[in-house]
Amino acid sequence: MTQFKKLLMVATLGLFLSTVSILASTAGTVNGMKITVEEANKALRVLTKGKMTWAKLPKEGRKQLIEMMAPSKLVAAAARKQLTAKEKQAALAGFWMQKKMSKIRISDKEAKNAYNKMKKVAKKMKSKKKIPPFSKAKNGIKAQLAQEKVVSKLMKKAKIKLK
Amino acid sequence: MKKFLIALGLSFVVLIQGVFADALKNSLTNILHTKDSSGMVNLSGVSVGAKPKQRAIKRVKSRPASTIIGRYNDGKPVHKREADKYIKKATKGKIKDLDLLPKKQRLMVLKDLQRMYAIKHFKSRPKTAVVAIVNGHTIHKKSVDNYLQQVTKGKVKDFDRLDKKQRLLLIKDFARPIVVQENIEKNLTEIEKDAVLSQVWLQKQRATIKVTNEQMLALYEATKAKALAANPQAQIPPYISLGDKLKNEIIEKEIMTNLMKDVNITVNFDNNETQQNREDNESSVKLDTKETK
């Protein structure tokens, strides 16, 4: 019984301390969503070019800042709630791909080789579609190659087990 | 004189003939001594009177019909009688014994039998079966079957009908978005995710809100009046040049109005780090959003 009491005390103390640390960093709330002091300070750093912090901000300033930050919080919450899983997945995948692709460089030579290959295939298939000149297709081909590189790199690392 | 001339002519002819005969003899002896390269068959060694030699025919000992010649994919034996029956049918009765065929053809018959057996006794796994594991994510047959149907435009519907190589290729293709999604979860921060999703949501909202010309004109007039009140000599751009700007402004305003409807904002005015309960804290203030707009 005494052991149980000790355990309960430790648990209560832990809960109390964690609540304190969470609440201490709250600058405000928007429909129950927390805006942390850290977030507020980040926004202030941008707005005042580092001249002001949450701690130094007067009452009116704090109120204005939280009101200013509220719409983005509300939009983010609405987006998470209202967008379908597919929409979210597509949007995040697109952004992630752009981010990854920006780190990959495709040379003109690589793009030209791919262009020639595509041209050859089109000729073989007797395609009636008009093939644009390389100068026009270059950027598109580069993006496609970069995307392929990103995905193939990932797939190489993937652990696939057939059953 | 005549007689003399005839005798002289005759003796000349006789002499010349001897010379030609020598040349012919020489050329023939040369042919005899040189090796024939014309490609014609040399029959010089053939003995016409000899008895023809009979070519030895290898007699194949046929195995009994119950002989096991291989195994089906489920381990069941393939008996020779099945192969015999198959050959008989395939050759329209011309060949009835598997053992009469060379090894290569025997193997082909066995493979054919195995293939036919596999088709006849094909058993697909249930839809709920796990067909692959990609980076720890289980992939069920149902989803792969659907994907296969999509890829083959309905020609193939069952994953289990593919061979091992094809299965791996399909799973690799199928797993791409799973692997990408996994990386998104790992590599994107919550802030980045919020920013991206917010953009998409706003775009969607913009597309649904319709703005009339009257609304745009009203906003234009209001903005114009405001600008002129501040500076009577201000140059106001024509309405047409501001079309999209006005439209976007109205849309943004409407989105914000909808968002901020009944919003509950509280601000923490306390600098004391050990604040315990926001609701009990007097320095925490609830804002009336209607006032703040």
# chains A, B, ... in the order shown; residues from 1 in each chain; ligands from 1
$ residues_around --residues "Ala27 of chain A" --least-positions-apart "2" --cutoff "7 Å" --atoms "only C-alpha atoms" --output "PDB file with C-alpha atoms, in the first residue's frame"
ATOM      1  CA  SER A  25       5.522  28.482 -22.795  1.00  0.00           C
ATOM      2  CA  ILE A  35       0.602  29.595 -29.621  1.00  0.00           C
ATOM      3  CA  THR A  36       3.870  29.097 -27.828  1.00  0.00           C
ATOM      4  CA  VAL A  37       6.190  31.851 -26.651  1.00  0.00           C
ATOM      5  CA  ALA A  40       5.556  34.325 -30.836  1.00  0.00           C
TER       6      ALA A  40
ATOM      7  CA  VAL B 267      -3.575  36.140 -24.646  1.00  0.00           C
ATOM      8  CA  ASN B 268      -1.197  35.454 -21.817  1.00  0.00           C
TER       9      ASN B 268
END
$ closest_atom_pairs --of "chain A" --to "chain B" --cutoff "8 Å" --atoms "only C-alpha atoms" --output "tab-separated table"
residue	atom	partner	partner_atom	distance
A:Thr19	CA	B:Gln276	CA	7.6
A:Val20	CA	B:Gln276	CA	5.8
A:Ser21	CA	B:Thr274	CA	7.8
A:Leu23	CA	B:Gln276	CA	6.6
A:Ala24	CA	B:Glu273	CA	5.0
A:Ser25	CA	B:Glu273	CA	7.6
A:Thr26	CA	B:Asn268	CA	7.1
A:Ala27	CA	B:Asn268	CA	5.2
A:Gly28	CA	B:Val267	CA	4.2
A:Thr29	CA	B:Thr266	CA	5.1
A:Val30	CA	B:Ile265	CA	4.6
A:Asn31	CA	B:Asn264	CA	4.8
A:Gly32	CA	B:Asn264	CA	7.5
A:Ala55	CA	B:Asn271	CA	6.5
A:Lys59	CA	B:Phe269	CA	6.2
A:Arg62	CA	B:Val267	CA	7.1
A:Lys63	CA	B:Val267	CA	6.2
A:Ile66	CA	B:Val267	CA	6.9
A:Glu67	CA	B:Ile265	CA	7.5
A:Ala70	CA	B:Ile265	CA	7.8
A:Pro71	CA	B:Met256	CA	7.1
A:Ser72	CA	B:Ser198	CA	7.9
A:Leu74	CA	B:Leu259	CA	6.7
A:Val75	CA	B:Ser198	CA	5.7
A:Ala76	CA	B:Ser198	CA	5.1
A:Ala78	CA	B:Trp201	CA	7.7
A:Ala79	CA	B:Trp201	CA	5.2
A:Arg80	CA	B:Leu197	CA	7.0
A:Gln82	CA	B:Trp201	CA	8.0
A:Leu83	CA	B:Trp201	CA	6.9
A:Lys88	CA	B:Leu197	CA	6.5
A:Gln89	CA	B:Gln181	CA	7.5
A:Ala91	CA	B:Val196	CA	6.8
A:Leu92	CA	B:Val196	CA	6.7
A:Ala93	CA	B:Ile184	CA	6.8
A:Phe95	CA	B:Val196	CA	7.2
A:Trp96	CA	B:Ile184	CA	6.4
A:Val151	CA	B:Arg176	CA	7.4
A:Leu154	CA	B:Val179	CA	7.1
A:Met155	CA	B:Arg176	CA	7.0
A:Ala158	CA	B:Asn135	CA	6.0
A:Lys159	CA	B:Asn135	CA	5.0
A:Ile160	CA	B:Val134	CA	4.6
A:Lys161	CA	B:Ile133	CA	5.1
A:Leu162	CA	B:Ala132	CA	4.4
A:Lys163	CA	B:Val131	CA	4.8
$ write_last_selection --atoms "C-alpha atoms" --output "PDB file, in the first residue's frame"
ATOM      1  CA  THR A  19       1.785  20.838 -17.013  1.00  0.00           C
ATOM      2  CA  VAL A  20       3.726  23.768 -15.612  1.00  0.00           C
ATOM      3  CA  SER A  21       6.378  23.523 -18.293  1.00  0.00           C
ATOM      4  CA  LEU A  23       1.695  26.203 -19.776  1.00  0.00           C
ATOM      5  CA  ALA A  24       4.715  28.344 -19.099  1.00  0.00           C
ATOM      6  CA  SER A  25       5.522  28.482 -22.795  1.00  0.00           C
ATOM      7  CA  THR A  26       2.029  29.509 -23.898  1.00  0.00           C
ATOM      8  CA  ALA A  27       1.714  33.001 -25.347  1.00  0.00           C
ATOM      9  CA  GLY A  28      -1.924  32.617 -26.204  1.00  0.00           C
ATOM     10  CA  THR A  29      -4.555  30.334 -27.637  1.00  0.00           C
ATOM     11  CA  VAL A  30      -6.753  30.404 -30.723  1.00  0.00           C
ATOM     12  CA  ASN A  31      -9.844  28.246 -30.417  1.00  0.00           C
ATOM     13  CA  GLY A  32      -7.936  26.210 -27.873  1.00  0.00           C
ATOM     14  CA  ALA A  55       8.844  39.134 -22.640  1.00  0.00           C
ATOM     15  CA  LYS A  59       0.015  44.173 -23.309  1.00  0.00           C
ATOM     16  CA  ARG A  62       0.901  40.964 -27.271  1.00  0.00           C
ATOM     17  CA  LYS A  63      -2.761  41.169 -28.109  1.00  0.00           C
ATOM     18  CA  ILE A  66      -1.669  36.900 -31.187  1.00  0.00           C
ATOM     19  CA  GLU A  67      -4.468  38.315 -33.341  1.00  0.00           C
ATOM     20  CA  ALA A  70      -4.439  33.599 -35.299  1.00  0.00           C
ATOM     21  CA  PRO A  71      -5.456  33.317 -38.985  1.00  0.00           C
ATOM     22  CA  SER A  72      -2.485  31.117 -39.901  1.00  0.00           C
ATOM     23  CA  LEU A  74      -6.923  28.674 -38.046  1.00  0.00           C
ATOM     24  CA  VAL A  75      -6.038  28.030 -41.695  1.00  0.00           C
ATOM     25  CA  ALA A  76      -3.654  25.243 -40.704  1.00  0.00           C
ATOM     26  CA  ALA A  78      -8.957  23.955 -41.202  1.00  0.00           C
ATOM     27  CA  ALA A  79      -6.578  22.467 -43.768  1.00  0.00           C
ATOM     28  CA  ARG A  80      -5.787  19.480 -41.572  1.00  0.00           C
ATOM     29  CA  GLN A  82     -11.031  19.611 -44.243  1.00  0.00           C
ATOM     30  CA  LEU A  83      -8.550  18.318 -46.800  1.00  0.00           C
ATOM     31  CA  LYS A  88      -2.895  15.997 -48.174  1.00  0.00           C
ATOM     32  CA  GLN A  89      -0.739  13.200 -49.500  1.00  0.00           C
ATOM     33  CA  ALA A  91       0.312  18.193 -51.629  1.00  0.00           C
ATOM     34  CA  LEU A  92       2.991  16.963 -49.235  1.00  0.00           C
ATOM     35  CA  ALA A  93       4.468  14.599 -51.833  1.00  0.00           C
ATOM     36  CA  PHE A  95       6.396  19.725 -51.878  1.00  0.00           C
ATOM     37  CA  TRP A  96       8.768  17.023 -50.671  1.00  0.00           C
ATOM     38  CA  VAL A 151      12.697   7.922 -56.344  1.00  0.00           C
ATOM     39  CA  LEU A 154      14.809   5.714 -52.269  1.00  0.00           C
ATOM     40  CA  MET A 155      13.737   2.457 -53.858  1.00  0.00           C
ATOM     41  CA  ALA A 158      13.828   0.108 -49.561  1.00  0.00           C
ATOM     42  CA  LYS A 159      13.576  -3.336 -48.020  1.00  0.00           C
ATOM     43  CA  ILE A 160      11.155  -5.355 -50.095  1.00  0.00           C
ATOM     44  CA  LYS A 161      10.208  -8.880 -49.097  1.00  0.00           C
ATOM     45  CA  LEU A 162       7.888 -10.925 -51.269  1.00  0.00           C
ATOM     46  CA  LYS A 163       5.628 -13.450 -49.604  1.00  0.00           C
TER      47      LYS A 163
END
$ select_by_dssp --residues "segment 51-221 of chain B" --states "strand (DSSP E)" --output "list in words"
Ile68, Ile69, Gly70, Arg71, Pro77, Val78, His79, Val130, Val131, Ala132, Ile133, Val134, His137, Thr138, Ile139 and His140 of chain B
$ atom_distance --atom1 "atom CA of Asn139 of chain A" --atom2 "atom CA of Lys112 of chain A"
10.7 Å
$ atom_distance --atom1 "atom CA of Val151 of chain B" --atom2 "atom CA of Leu169 of chain B"
12.1 Å
$ residues_around --residues "Lys42 of chain A" --least-positions-apart "2" --cutoff "12 Å" --atoms "only C-alpha atoms" --output "list of chain:residue names"
A:Ala27, A:Ile35, A:Thr36, A:Val37, A:Glu38, A:Glu39, A:Ala40, A:Leu44, A:Arg45, A:Val46, A:Leu47, A:Thr48, A:Lys49, A:Gly50, A:Lys51, A:Met52, A:Thr53, A:Trp54, A:Leu65, A:Met69
$ write_last_selection --atoms "C-alpha atoms" --output "PDB file, in the first residue's frame"
ATOM      1  CA  ALA A  27       1.714  33.001 -25.347  1.00  0.00           C
ATOM      2  CA  ILE A  35       0.602  29.595 -29.621  1.00  0.00           C
ATOM      3  CA  THR A  36       3.870  29.097 -27.828  1.00  0.00           C
ATOM      4  CA  VAL A  37       6.190  31.851 -26.651  1.00  0.00           C
ATOM      5  CA  GLU A  38       8.748  30.378 -28.990  1.00  0.00           C
ATOM      6  CA  GLU A  39       6.404  30.800 -31.943  1.00  0.00           C
ATOM      7  CA  ALA A  40       5.556  34.325 -30.836  1.00  0.00           C
ATOM      8  CA  LEU A  44       8.506  38.968 -33.524  1.00  0.00           C
ATOM      9  CA  ARG A  45      12.045  38.318 -34.750  1.00  0.00           C
ATOM     10  CA  VAL A  46      10.785  38.598 -38.319  1.00  0.00           C
ATOM     11  CA  LEU A  47       8.461  41.538 -37.672  1.00  0.00           C
ATOM     12  CA  THR A  48      10.825  43.668 -35.564  1.00  0.00           C
ATOM     13  CA  LYS A  49      14.061  42.366 -37.046  1.00  0.00           C
ATOM     14  CA  GLY A  50      15.066  40.933 -33.689  1.00  0.00           C
ATOM     15  CA  LYS A  51      14.458  44.114 -31.712  1.00  0.00           C
ATOM     16  CA  MET A  52      11.548  42.825 -29.642  1.00  0.00           C
ATOM     17  CA  THR A  53      10.782  39.687 -27.662  1.00  0.00           C
ATOM     18  CA  TRP A  54       7.575  38.370 -26.111  1.00  0.00           C
ATOM     19  CA  LEU A  65       0.584  39.784 -32.213  1.00  0.00           C
ATOM     20  CA  MET A  69      -0.936  34.961 -35.732  1.00  0.00           C
TER      21      MET A  69
END
$ atom_distance --atom1 "atom CA of Ala90 of chain B" --atom2 "atom CA of Leu162 of chain B"
26.7 Å
$ select_by_dssp --residues "segment 80-225 of chain B" --states "alpha helix (DSSP H)" --output "CSV table (one decimal) with N, CA and C atoms, in the first residue's frame"
chain,number,residue,atom,x,y,z
B,80,LYS,N,5.2,-41.1,-66.4
B,80,LYS,CA,5.5,-41.1,-67.8
B,80,LYS,C,4.3,-41.3,-68.7
B,81,ARG,N,3.3,-42.0,-68.1
B,81,ARG,CA,2.1,-42.3,-68.9
B,81,ARG,C,1.4,-40.9,-69.3
B,82,GLU,N,1.5,-39.9,-68.4
B,82,GLU,CA,0.9,-38.7,-68.7
B,82,GLU,C,1.6,-38.0,-69.8
B,83,ALA,N,2.9,-38.1,-69.8
B,83,ALA,CA,3.7,-37.5,-70.9
B,83,ALA,C,3.4,-38.2,-72.2
B,84,ASP,N,3.3,-39.6,-72.2
B,84,ASP,CA,3.0,-40.4,-73.4
B,84,ASP,C,1.7,-39.9,-74.0
B,85,LYS,N,0.7,-39.8,-73.1
B,85,LYS,CA,-0.6,-39.4,-73.5
B,85,LYS,C,-0.6,-38.0,-74.2
B,86,TYR,N,0.2,-37.2,-73.6
B,86,TYR,CA,0.3,-35.8,-74.1
B,86,TYR,C,1.0,-35.8,-75.5
B,87,ILE,N,2.0,-36.6,-75.6
B,87,ILE,CA,2.7,-36.6,-76.9
B,87,ILE,C,1.8,-37.2,-78.0
B,88,LYS,N,1.2,-38.3,-77.6
B,88,LYS,CA,0.3,-38.9,-78.6
B,88,LYS,C,-0.7,-37.9,-79.1
B,89,LYS,N,-1.3,-37.1,-78.2
B,89,LYS,CA,-2.3,-36.2,-78.6
B,89,LYS,C,-1.6,-35.0,-79.5
B,90,ALA,N,-0.5,-34.6,-79.0
B,90,ALA,CA,0.2,-33.5,-79.7
B,90,ALA,C,0.7,-33.9,-81.1
B,103,LYS,N,16.5,-35.6,-75.4
B,103,LYS,CA,16.4,-35.1,-74.1
B,103,LYS,C,15.7,-33.7,-74.0
B,104,LYS,N,16.1,-32.8,-75.0
B,104,LYS,CA,15.6,-31.5,-75.0
B,104,LYS,C,14.1,-31.4,-75.2
B,105,GLN,N,13.6,-32.3,-76.1
B,105,GLN,CA,12.1,-32.4,-76.3
B,105,GLN,C,11.4,-33.0,-75.1
B,106,ARG,N,12.1,-33.9,-74.5
B,106,ARG,CA,11.4,-34.5,-73.3
B,106,ARG,C,11.2,-33.5,-72.2
B,107,LEU,N,12.3,-32.6,-72.0
B,107,LEU,CA,12.2,-31.6,-71.0
B,107,LEU,C,11.1,-30.6,-71.4
B,108,MET,N,10.9,-30.3,-72.6
B,108,MET,CA,9.9,-29.4,-73.1
B,108,MET,C,8.5,-30.0,-72.8
B,109,VAL,N,8.3,-31.3,-73.0
B,109,VAL,CA,7.1,-32.0,-72.7
B,109,VAL,C,6.8,-31.8,-71.2
B,110,LEU,N,7.8,-32.1,-70.4
B,110,LEU,CA,7.6,-32.0,-68.9
B,110,LEU,C,7.2,-30.6,-68.5
B,111,LYS,N,7.9,-29.6,-69.0
B,111,LYS,CA,7.6,-28.2,-68.7
B,111,LYS,C,6.1,-27.9,-69.1
B,112,ASP,N,5.7,-28.4,-70.3
B,112,ASP,CA,4.4,-28.1,-70.7
B,112,ASP,C,3.4,-28.8,-69.8
B,113,LEU,N,3.7,-30.0,-69.3
B,113,LEU,CA,2.8,-30.7,-68.4
B,113,LEU,C,2.7,-29.9,-67.1
B,114,GLN,N,3.8,-29.4,-66.6
B,114,GLN,CA,3.9,-28.7,-65.3
B,114,GLN,C,3.1,-27.4,-65.4
B,115,ARG,N,3.2,-26.7,-66.6
B,115,ARG,CA,2.5,-25.5,-66.8
B,115,ARG,C,1.0,-25.7,-66.8
B,116,MET,N,0.6,-26.8,-67.6
B,116,MET,CA,-0.8,-27.1,-67.6
B,116,MET,C,-1.4,-27.4,-66.3
B,117,TYR,N,-0.6,-28.1,-65.5
B,117,TYR,CA,-1.1,-28.6,-64.2
B,117,TYR,C,-1.2,-27.3,-63.3
B,118,ALA,N,-0.3,-26.4,-63.4
B,118,ALA,CA,-0.3,-25.2,-62.6
B,118,ALA,C,-1.6,-24.4,-62.9
B,119,ILE,N,-1.9,-24.3,-64.2
B,119,ILE,CA,-3.1,-23.6,-64.6
B,119,ILE,C,-4.4,-24.3,-64.1
B,120,LYS,N,-4.4,-25.6,-64.2
B,120,LYS,CA,-5.6,-26.4,-63.8
B,120,LYS,C,-5.8,-26.3,-62.3
B,141,LYS,N,-3.0,-8.5,-50.6
B,141,LYS,CA,-3.3,-8.9,-51.9
B,141,LYS,C,-4.4,-8.1,-52.6
B,142,LYS,N,-5.4,-7.7,-51.8
B,142,LYS,CA,-6.5,-6.9,-52.4
B,142,LYS,C,-6.0,-5.6,-53.1
B,143,SER,N,-5.1,-4.9,-52.4
B,143,SER,CA,-4.7,-3.6,-53.0
B,143,SER,C,-3.8,-3.9,-54.2
B,144,VAL,N,-3.0,-4.9,-54.1
B,144,VAL,CA,-2.1,-5.2,-55.3
B,144,VAL,C,-2.9,-5.7,-56.5
B,145,ASP,N,-3.9,-6.5,-56.2
B,145,ASP,CA,-4.8,-6.9,-57.3
B,145,ASP,C,-5.5,-5.8,-58.0
B,146,ASN,N,-5.9,-4.8,-57.2
B,146,ASN,CA,-6.6,-3.6,-57.8
B,146,ASN,C,-5.6,-2.9,-58.6
B,147,TYR,N,-4.4,-2.7,-58.1
B,147,TYR,CA,-3.3,-2.0,-58.8
B,147,TYR,C,-3.0,-2.7,-60.1
B,148,LEU,N,-2.9,-4.0,-60.1
B,148,LEU,CA,-2.6,-4.8,-61.2
B,148,LEU,C,-3.6,-4.7,-62.3
B,149,GLN,N,-4.9,-4.7,-61.9
B,149,GLN,CA,-6.0,-4.5,-62.8
B,149,GLN,C,-5.9,-3.2,-63.5
B,150,GLN,N,-5.5,-2.2,-62.7
B,150,GLN,CA,-5.4,-0.8,-63.2
B,150,GLN,C,-4.3,-0.7,-64.3
B,151,VAL,N,-3.1,-1.3,-63.9
B,151,VAL,CA,-2.0,-1.3,-64.8
B,151,VAL,C,-2.2,-2.0,-66.1
B,164,LYS,N,7.5,-14.9,-60.4
B,164,LYS,CA,8.3,-14.2,-59.3
B,164,LYS,C,8.8,-12.8,-59.7
B,165,LYS,N,9.4,-12.8,-60.9
B,165,LYS,CA,10.0,-11.6,-61.4
B,165,LYS,C,9.0,-10.5,-61.6
B,166,GLN,N,7.9,-10.9,-62.2
B,166,GLN,CA,6.8,-9.9,-62.4
B,166,GLN,C,6.2,-9.4,-61.1
B,167,ARG,N,6.1,-10.3,-60.1
B,167,ARG,CA,5.6,-9.9,-58.8
B,167,ARG,C,6.5,-8.9,-58.2
B,168,LEU,N,7.8,-9.1,-58.3
B,168,LEU,CA,8.7,-8.2,-57.6
B,168,LEU,C,8.6,-6.8,-58.3
B,169,LEU,N,8.6,-6.8,-59.7
B,169,LEU,CA,8.4,-5.6,-60.4
B,169,LEU,C,7.2,-4.8,-60.0
B,170,LEU,N,6.1,-5.5,-59.9
B,170,LEU,CA,4.8,-4.9,-59.6
B,170,LEU,C,4.9,-4.3,-58.2
B,171,ILE,N,5.4,-5.1,-57.3
B,171,ILE,CA,5.5,-4.6,-55.9
B,171,ILE,C,6.4,-3.4,-55.8
B,172,LYS,N,7.5,-3.4,-56.5
B,172,LYS,CA,8.4,-2.2,-56.5
B,172,LYS,C,7.6,-1.0,-57.0
B,173,ASP,N,6.8,-1.2,-58.1
B,173,ASP,CA,6.1,-0.1,-58.6
B,173,ASP,C,5.0,0.4,-57.6
B,174,PHE,N,4.3,-0.6,-57.1
B,174,PHE,CA,3.3,-0.3,-56.1
B,174,PHE,C,3.8,0.4,-54.8
B,175,ALA,N,5.0,0.0,-54.5
B,175,ALA,CA,5.5,0.5,-53.2
B,175,ALA,C,6.1,1.9,-53.3
B,176,ARG,N,6.3,2.4,-54.5
B,176,ARG,CA,6.9,3.8,-54.6
B,176,ARG,C,6.2,4.8,-53.7
B,177,PRO,N,4.9,5.0,-53.9
B,177,PRO,CA,4.2,6.0,-53.0
B,177,PRO,C,4.4,5.7,-51.5
B,178,ILE,N,4.4,4.5,-51.2
B,178,ILE,CA,4.6,4.1,-49.8
B,178,ILE,C,5.9,4.6,-49.2
B,179,VAL,N,6.9,4.3,-50.0
B,179,VAL,CA,8.3,4.7,-49.6
B,179,VAL,C,8.4,6.2,-49.6
B,180,VAL,N,7.8,6.9,-50.6
B,180,VAL,CA,7.9,8.3,-50.6
B,180,VAL,C,7.2,8.9,-49.4
B,181,GLN,N,6.0,8.4,-49.1
B,181,GLN,CA,5.2,8.8,-48.0
B,181,GLN,C,6.0,8.7,-46.7
B,182,GLU,N,6.6,7.6,-46.6
B,182,GLU,CA,7.4,7.3,-45.4
B,182,GLU,C,8.5,8.4,-45.2
B,183,ASN,N,9.1,8.7,-46.3
B,183,ASN,CA,10.2,9.8,-46.3
B,183,ASN,C,9.6,11.1,-46.0
B,184,ILE,N,8.4,11.4,-46.5
B,184,ILE,CA,7.8,12.7,-46.2
B,184,ILE,C,7.6,12.8,-44.7
B,185,GLU,N,7.0,11.7,-44.1
B,185,GLU,CA,6.8,11.7,-42.6
B,185,GLU,C,8.1,11.9,-41.8
B,186,LYS,N,9.2,11.4,-42.4
B,186,LYS,CA,10.4,11.5,-41.7
B,186,LYS,C,11.1,12.8,-41.9
B,187,ASN,N,11.0,13.4,-43.1
B,187,ASN,CA,11.8,14.5,-43.4
B,187,ASN,C,11.1,15.9,-43.4
B,190,GLU,N,6.6,19.7,-39.0
B,190,GLU,CA,5.2,20.0,-38.8
B,190,GLU,C,4.9,21.4,-39.4
B,191,ILE,N,5.9,22.3,-39.2
B,191,ILE,CA,5.7,23.7,-39.7
B,191,ILE,C,5.6,23.7,-41.2
B,192,GLU,N,6.5,22.9,-41.9
B,192,GLU,CA,6.4,22.8,-43.3
B,192,GLU,C,5.1,22.1,-43.8
B,193,LYS,N,4.7,21.1,-43.1
B,193,LYS,CA,3.5,20.4,-43.5
B,193,LYS,C,2.3,21.4,-43.4
B,194,ASP,N,2.3,22.2,-42.2
B,194,ASP,CA,1.2,23.1,-42.0
B,194,ASP,C,1.1,24.2,-43.2
B,195,ALA,N,2.3,24.6,-43.5
B,195,ALA,CA,2.4,25.7,-44.6
B,195,ALA,C,1.9,25.1,-45.9
B,196,VAL,N,2.3,23.9,-46.2
B,196,VAL,CA,1.9,23.3,-47.5
B,196,VAL,C,0.4,23.1,-47.5
B,197,LEU,N,-0.1,22.5,-46.5
B,197,LEU,CA,-1.5,22.2,-46.4
B,197,LEU,C,-2.4,23.4,-46.4
B,198,SER,N,-1.9,24.4,-45.7
B,198,SER,CA,-2.6,25.7,-45.7
B,198,SER,C,-2.7,26.3,-47.1
B,199,GLN,N,-1.6,26.3,-47.8
B,199,GLN,CA,-1.7,26.8,-49.2
B,199,GLN,C,-2.7,26.1,-50.0
B,200,VAL,N,-2.7,24.8,-49.9
B,200,VAL,CA,-3.7,24.0,-50.7
B,200,VAL,C,-5.1,24.3,-50.3
B,201,TRP,N,-5.3,24.4,-49.0
B,201,TRP,CA,-6.6,24.7,-48.5
B,201,TRP,C,-7.1,26.1,-49.0
B,202,LEU,N,-6.2,27.1,-48.9
B,202,LEU,CA,-6.5,28.4,-49.3
B,202,LEU,C,-6.9,28.4,-50.8
B,203,GLN,N,-6.1,27.7,-51.6
B,203,GLN,CA,-6.4,27.6,-53.0
B,203,GLN,C,-7.8,27.0,-53.3
B,204,LYS,N,-8.1,26.0,-52.6
B,204,LYS,CA,-9.4,25.4,-52.7
B,204,LYS,C,-10.5,26.4,-52.3
B,205,GLN,N,-10.3,27.1,-51.3
B,205,GLN,CA,-11.3,28.1,-50.9
B,205,GLN,C,-11.5,29.2,-51.9
B,206,ARG,N,-10.3,29.6,-52.4
B,206,ARG,CA,-10.4,30.7,-53.5
B,206,ARG,C,-11.2,30.2,-54.7
B,207,ALA,N,-11.0,29.0,-55.0
B,207,ALA,CA,-11.8,28.4,-56.2
B,207,ALA,C,-13.3,28.4,-55.9
B,208,THR,N,-13.7,28.3,-54.7
B,208,THR,CA,-15.1,28.1,-54.4
B,208,THR,C,-15.8,29.4,-54.2
B,213,ASN,N,-19.2,41.5,-60.1
B,213,ASN,CA,-18.6,42.8,-60.5
B,213,ASN,C,-19.0,43.9,-59.6
B,214,GLU,N,-20.3,43.7,-59.0
B,214,GLU,CA,-20.8,44.8,-58.1
B,214,GLU,C,-19.9,44.8,-56.9
B,215,GLN,N,-19.5,43.7,-56.4
B,215,GLN,CA,-18.7,43.6,-55.2
B,215,GLN,C,-17.3,44.3,-55.4
B,216,MET,N,-16.8,44.0,-56.6
B,216,MET,CA,-15.5,44.5,-57.0
B,216,MET,C,-15.6,46.1,-57.1
B,217,LEU,N,-16.6,46.5,-57.8
B,217,LEU,CA,-16.8,47.9,-58.0
B,217,LEU,C,-17.0,48.6,-56.6
B,218,ALA,N,-17.7,48.0,-55.8
B,218,ALA,CA,-18.0,48.6,-54.4
B,218,ALA,C,-16.7,48.8,-53.7
B,219,LEU,N,-15.9,47.7,-53.8
B,219,LEU,CA,-14.6,47.8,-53.1
B,219,LEU,C,-13.7,48.9,-53.7
B,220,TYR,N,-13.7,49.0,-55.0
B,220,TYR,CA,-12.9,50.0,-55.7
B,220,TYR,C,-13.3,51.4,-55.3
B,221,GLU,N,-14.6,51.6,-55.3
B,221,GLU,CA,-15.1,52.9,-54.9
B,221,GLU,C,-14.7,53.2,-53.4
B,222,ALA,N,-14.9,52.3,-52.6
B,222,ALA,CA,-14.5,52.5,-51.1
B,222,ALA,C,-13.0,52.8,-51.0
B,223,THR,N,-12.2,52.0,-51.7
B,223,THR,CA,-10.8,52.2,-51.6
B,223,THR,C,-10.4,53.6,-52.2
B,224,LYS,N,-11.1,53.9,-53.3
B,224,LYS,CA,-10.8,55.2,-53.9
B,224,LYS,C,-11.1,56.4,-53.0
B,225,ALA,N,-12.3,56.3,-52.4
B,225,ALA,CA,-12.8,57.3,-51.5
B,225,ALA,C,-11.8,57.5,-50.3
$ decode --residues "segment 116-128 of chain A" --atoms "C-alpha atoms" --output "mmCIF file, in the first residue's frame"
data_model
loop_
_atom_site.group_PDB
_atom_site.id
_atom_site.type_symbol
_atom_site.label_atom_id
_atom_site.label_comp_id
_atom_site.auth_asym_id
_atom_site.auth_seq_id
_atom_site.Cartn_x
_atom_site.Cartn_y
_atom_site.Cartn_z
ATOM 1 C CA ASN A 116 17.640 11.405 -77.962
ATOM 2 C CA LYS A 117 16.450 8.157 -76.406
ATOM 3 C CA MET A 118 12.891 9.420 -76.249
ATOM 4 C CA LYS A 119 13.118 10.554 -79.845
ATOM 5 C CA LYS A 120 14.351 7.122 -80.887
ATOM 6 C CA VAL A 121 11.531 5.386 -79.062
ATOM 7 C CA ALA A 122 8.972 7.708 -80.617
ATOM 8 C CA LYS A 123 10.398 6.939 -84.045
ATOM 9 C CA LYS A 124 10.313 3.217 -83.370
ATOM 10 C CA MET A 125 6.726 3.399 -82.205
ATOM 11 C CA LYS A 126 5.887 5.474 -85.273
ATOM 12 C CA SER A 127 4.381 8.103 -83.026
ATOM 13 C CA LYS A 128 2.549 10.880 -84.819
#
